[in-house]
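Asks: Pasting a structure here, questions to come.
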Amino acid sequence: MTITQTLPKPLRIGPIEVEAPVVLAPMAGITNMAYRRLCREYGAGLYVCEMITSRALVERTPVSMQLIQHHESETPRSIQLYGVEPNTVAEAATILVAEDRADHIDLNFGCPVPKVTRKGGGAALPWKTDLFKDLVEKTVKAAGDVPVTVKMRKGIDADHLTYLDAARIARDAGVAAVSLHARTANEHYSGHADWSAIATLKEAITDIPVLGNGDIWSAADALRMVDETGCDGVVVGRGCLGRPWLFGDLAAAFCGEDVRAMPSLGDVATAFRRHTELLVEFFGSEEHGCRDARKHVSWYFKGYPIGGDVRSALSMASSLQEIDDLLGQIDWSAPYPGADVEGPRGRAGHPKRTALPDRWLESRDVDAEFRKVLAAAELHHSGG
């Protein structure tokens with residue numbers, strides 16, 4: 001069967017062309033090299049590493065240097081930077097370009113986590129238009145021929161929307177594309193994404209790609225977002241947790257093929273085992289890799305009949321042999337459960353007031369006093 005609706009063209013980010021207009025959203029502790037490699041094995045797309053703190057990269061902390069690594073099979077190489085001080089973010093971009101570590105740089109203005117926003121970063125930063133403009137312009141200049149994109153939210157809350165102003169500033173600064181998570185920072189991941197905001201942004205920004213993010217749990221959702229909003233591509237986050245084959249579904253759908261993966265329990269077990277193997281390789285430690293795989297157990301096996309004891313034991317496994325023994329106890333022929341494994345995954349949480357610096361909302365400009373402490377506000381962590 002062939003899908004008859006109008007399909008988007010391949011995604012172009014500067015000189016980079018991505019066959020399927022699909023981007024893996026950066027997720028802390030998830031989109032490391034191991035998971036990116038696994039997702040690539042299922043389908044085409046632009047696979048972005050988890051958020052990297054600019055100051056940590058400039059200072060070459062061991063964690064940041066590990067996180068920016070790409071496997072030789074990864075192309076294009078995509079890295080997301082976070083920061084609040086323009087010169088520091090630009091310096092981080094300079095390092096990535098000068099040392100040939102990235103083919104694409106994304107800037108994070110969407111993280112709603114309190115330890116980020118209370119310093120004026122993430123989803124809070126676009127409220128300060130002069131700071132946002134300075135940071136984006138300096139990063140684009142530092143990146144040179146490497147394309148820079150911006151990922152953002154609608155704003156801080158319904159009374160402090162920033163996405164249209166931010167997108168225009170970013171476009172004028174020379175970014176290659178903008179992505180919108182269609183929620184405010186206050187909404188975190190709760191409720192339903194406001195896809196109408198993506199449509200509004202696409203109407204306002206016509207000369208660079210506009211990507212939509214929020215509530216894409218299936219290939220059908222992605223096609224519906226493109227159809228309803230006119231966006232040029234989609235950004236997938238929580239929908240792929242424990243479901244790397246979603247990228248195969250998306251690639252097929254954007255080629256006009258009406259196919260969907262319906263993995264048996266054996267298929268899921270194989271993917272989980274492969275993911276763990278890649279984590280062991282990435283961390284260089286079997287114990288570390290298996291420990292990191294534990295958080296993925298509930299996502300992979302959601303809705304599948306593996307038994308509480310096996311599920312619990314997998315969540316505590318410390319070796320590949322232990323995992324193999326446990327996977328050997330399940331019925332690999334068990335079929336795809338259908339609706340039980342569909343729909344939202346990951347923590348949605350509840351709306352909450354965004355943590356902000358004192359008097360942040362009183363003005364769209366950054367005062368001289370705050371500029372003095374911007375450098376100190378950079379955080380030594382990655383994620384969001």
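Quick note on naming: the chains in the structure tokens go A, B, ... in the order shown, residues restart at 1 in each chain, and ligands are numbered from 1 in order of appearance.
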Find the residues around Gly121 in chain A up to 8 Å (only C-alpha atoms counted), leave out those fewer than 5 positions away in its own chain, and share them as a PyMOL selection string.
Replies: chain A and resi 82-84+109+111+116
Asks: How close does range 167-272 of chain A get to range 14-30 of chain A? List, as a Markdown table, each residue of range 167-272 of chain A within 9 Å, its nearest atom pair and the distance in Å to one decimal, counting only C-alpha atoms.
Replies:
| residue | atom | partner | partner_atom | distance |
| --- | --- | --- | --- | --- |
| A:Val175 | CA | A:Gly14 | CA | 8.6 |
| A:Ala176 | CA | A:Gly14 | CA | 5.5 |
| A:Ala177 | CA | A:Gly14 | CA | 8.3 |
| A:Leu211 | CA | A:Val23 | CA | 8.7 |
| A:Asn213 | CA | A:Ala25 | CA | 8.5 |
| A:Ala222 | CA | A:Val22 | CA | 9.0 |
| A:Asp232 | CA | A:Pro21 | CA | 7.0 |
| A:Gly233 | CA | A:Pro21 | CA | 4.6 |
| A:Val234 | CA | A:Val22 | CA | 5.1 |
| A:Val235 | CA | A:Val23 | CA | 4.6 |
| A:Val236 | CA | A:Leu24 | CA | 5.2 |
| A:Gly237 | CA | A:Ala25 | CA | 4.8 |
| A:Arg238 | CA | A:Met27 | CA | 8.4 |
| A:Cys240 | CA | A:Leu24 | CA | 8.5 |
| A:Leu241 | CA | A:Ile30 | CA | 8.4 |
| A:Phe247 | CA | A:Val22 | CA | 8.0 |
| A:Leu250 | CA | A:Val22 | CA | 7.4 |
| A:Ala251 | CA | A:Ala20 | CA | 5.4 |
| A:Ala252 | CA | A:Ala20 | CA | 8.6 |
| A:Phe254 | CA | A:Ala20 | CA | 6.3 |
| A:Cys255 | CA | A:Ala20 | CA | 7.8 |
Asks: Name all residues at most 7 Å from Gln80 in chain A (count only C-alpha atoms; drop same-chain ones fewer than 4 positions away) and give them as a tab-separated table (two decimals) with N, CA, C and O atoms, in the first residue's frame.
Replies:
chain	number	residue	atom	x	y	z
A	48	VAL	N	21.33	13.17	17.06
A	48	VAL	CA	22.04	14.18	17.84
A	48	VAL	C	22.45	13.62	19.19
A	48	VAL	O	21.66	12.95	19.87
A	49	CYS	N	23.68	13.91	19.60
A	49	CYS	CA	24.16	13.44	20.90
A	49	CYS	C	23.46	14.20	22.02
A	49	CYS	O	22.82	15.23	21.80
A	50	GLU	N	23.56	13.68	23.24
A	50	GLU	CA	22.93	14.38	24.36
A	50	GLU	C	23.61	15.73	24.59
A	50	GLU	O	24.75	15.97	24.17
A	51	MET	N	22.89	16.64	25.25
A	51	MET	CA	23.34	18.01	25.42
A	51	MET	C	24.69	18.10	26.13
A	51	MET	O	24.92	17.46	27.15
A	52	ILE	N	25.57	18.92	25.57
A	52	ILE	CA	26.91	19.11	26.12
A	52	ILE	C	27.03	20.53	26.67
A	52	ILE	O	26.71	21.51	25.99
A	105	ILE	N	25.98	21.54	14.50
A	105	ILE	CA	25.89	21.97	15.89
A	105	ILE	C	24.48	22.49	16.15
A	105	ILE	O	23.97	23.33	15.41
A	106	ASP	N	23.85	21.96	17.19
A	106	ASP	CA	22.53	22.43	17.60
A	106	ASP	C	22.68	23.18	18.92
A	106	ASP	O	23.50	22.81	19.77
A	107	LEU	N	21.90	24.23	19.10
A	107	LEU	CA	21.93	25.01	20.33
A	107	LEU	C	20.65	24.75	21.12
A	107	LEU	O	19.54	24.83	20.58
A	108	ASN	N	20.81	24.45	22.41
A	108	ASN	CA	19.68	24.10	23.25
A	108	ASN	C	19.07	25.33	23.91
A	108	ASN	O	19.69	25.97	24.76
Asks: Report as number ranges by chain all protein, DNA and RNA residues lying within 12 Å of Lys295 in chain A, evaluated on only C-alpha atoms, omitting residues in the same chain fewer than 3 positions from it.
Replies: A: 29-30, 241-242, 272, 275-276, 289-292, 298-301, 311-312, 314-317, 346
Asks: Just list as a PyMOL selection string whatever in range 178-367 of chain A DSSP marks as strand (DSSP E).
Replies: chain A and resi 178-181+210-213+233-236
Asks: Can you tell me, as a VMD selection string, which residues in range 91-213 of chain A count as helix (DSSP H, G or I) by DSSP?
Replies: chain A and resid 91 to 98 114 to 117 122 to 127 129 to 143 163 to 173 195 to 204
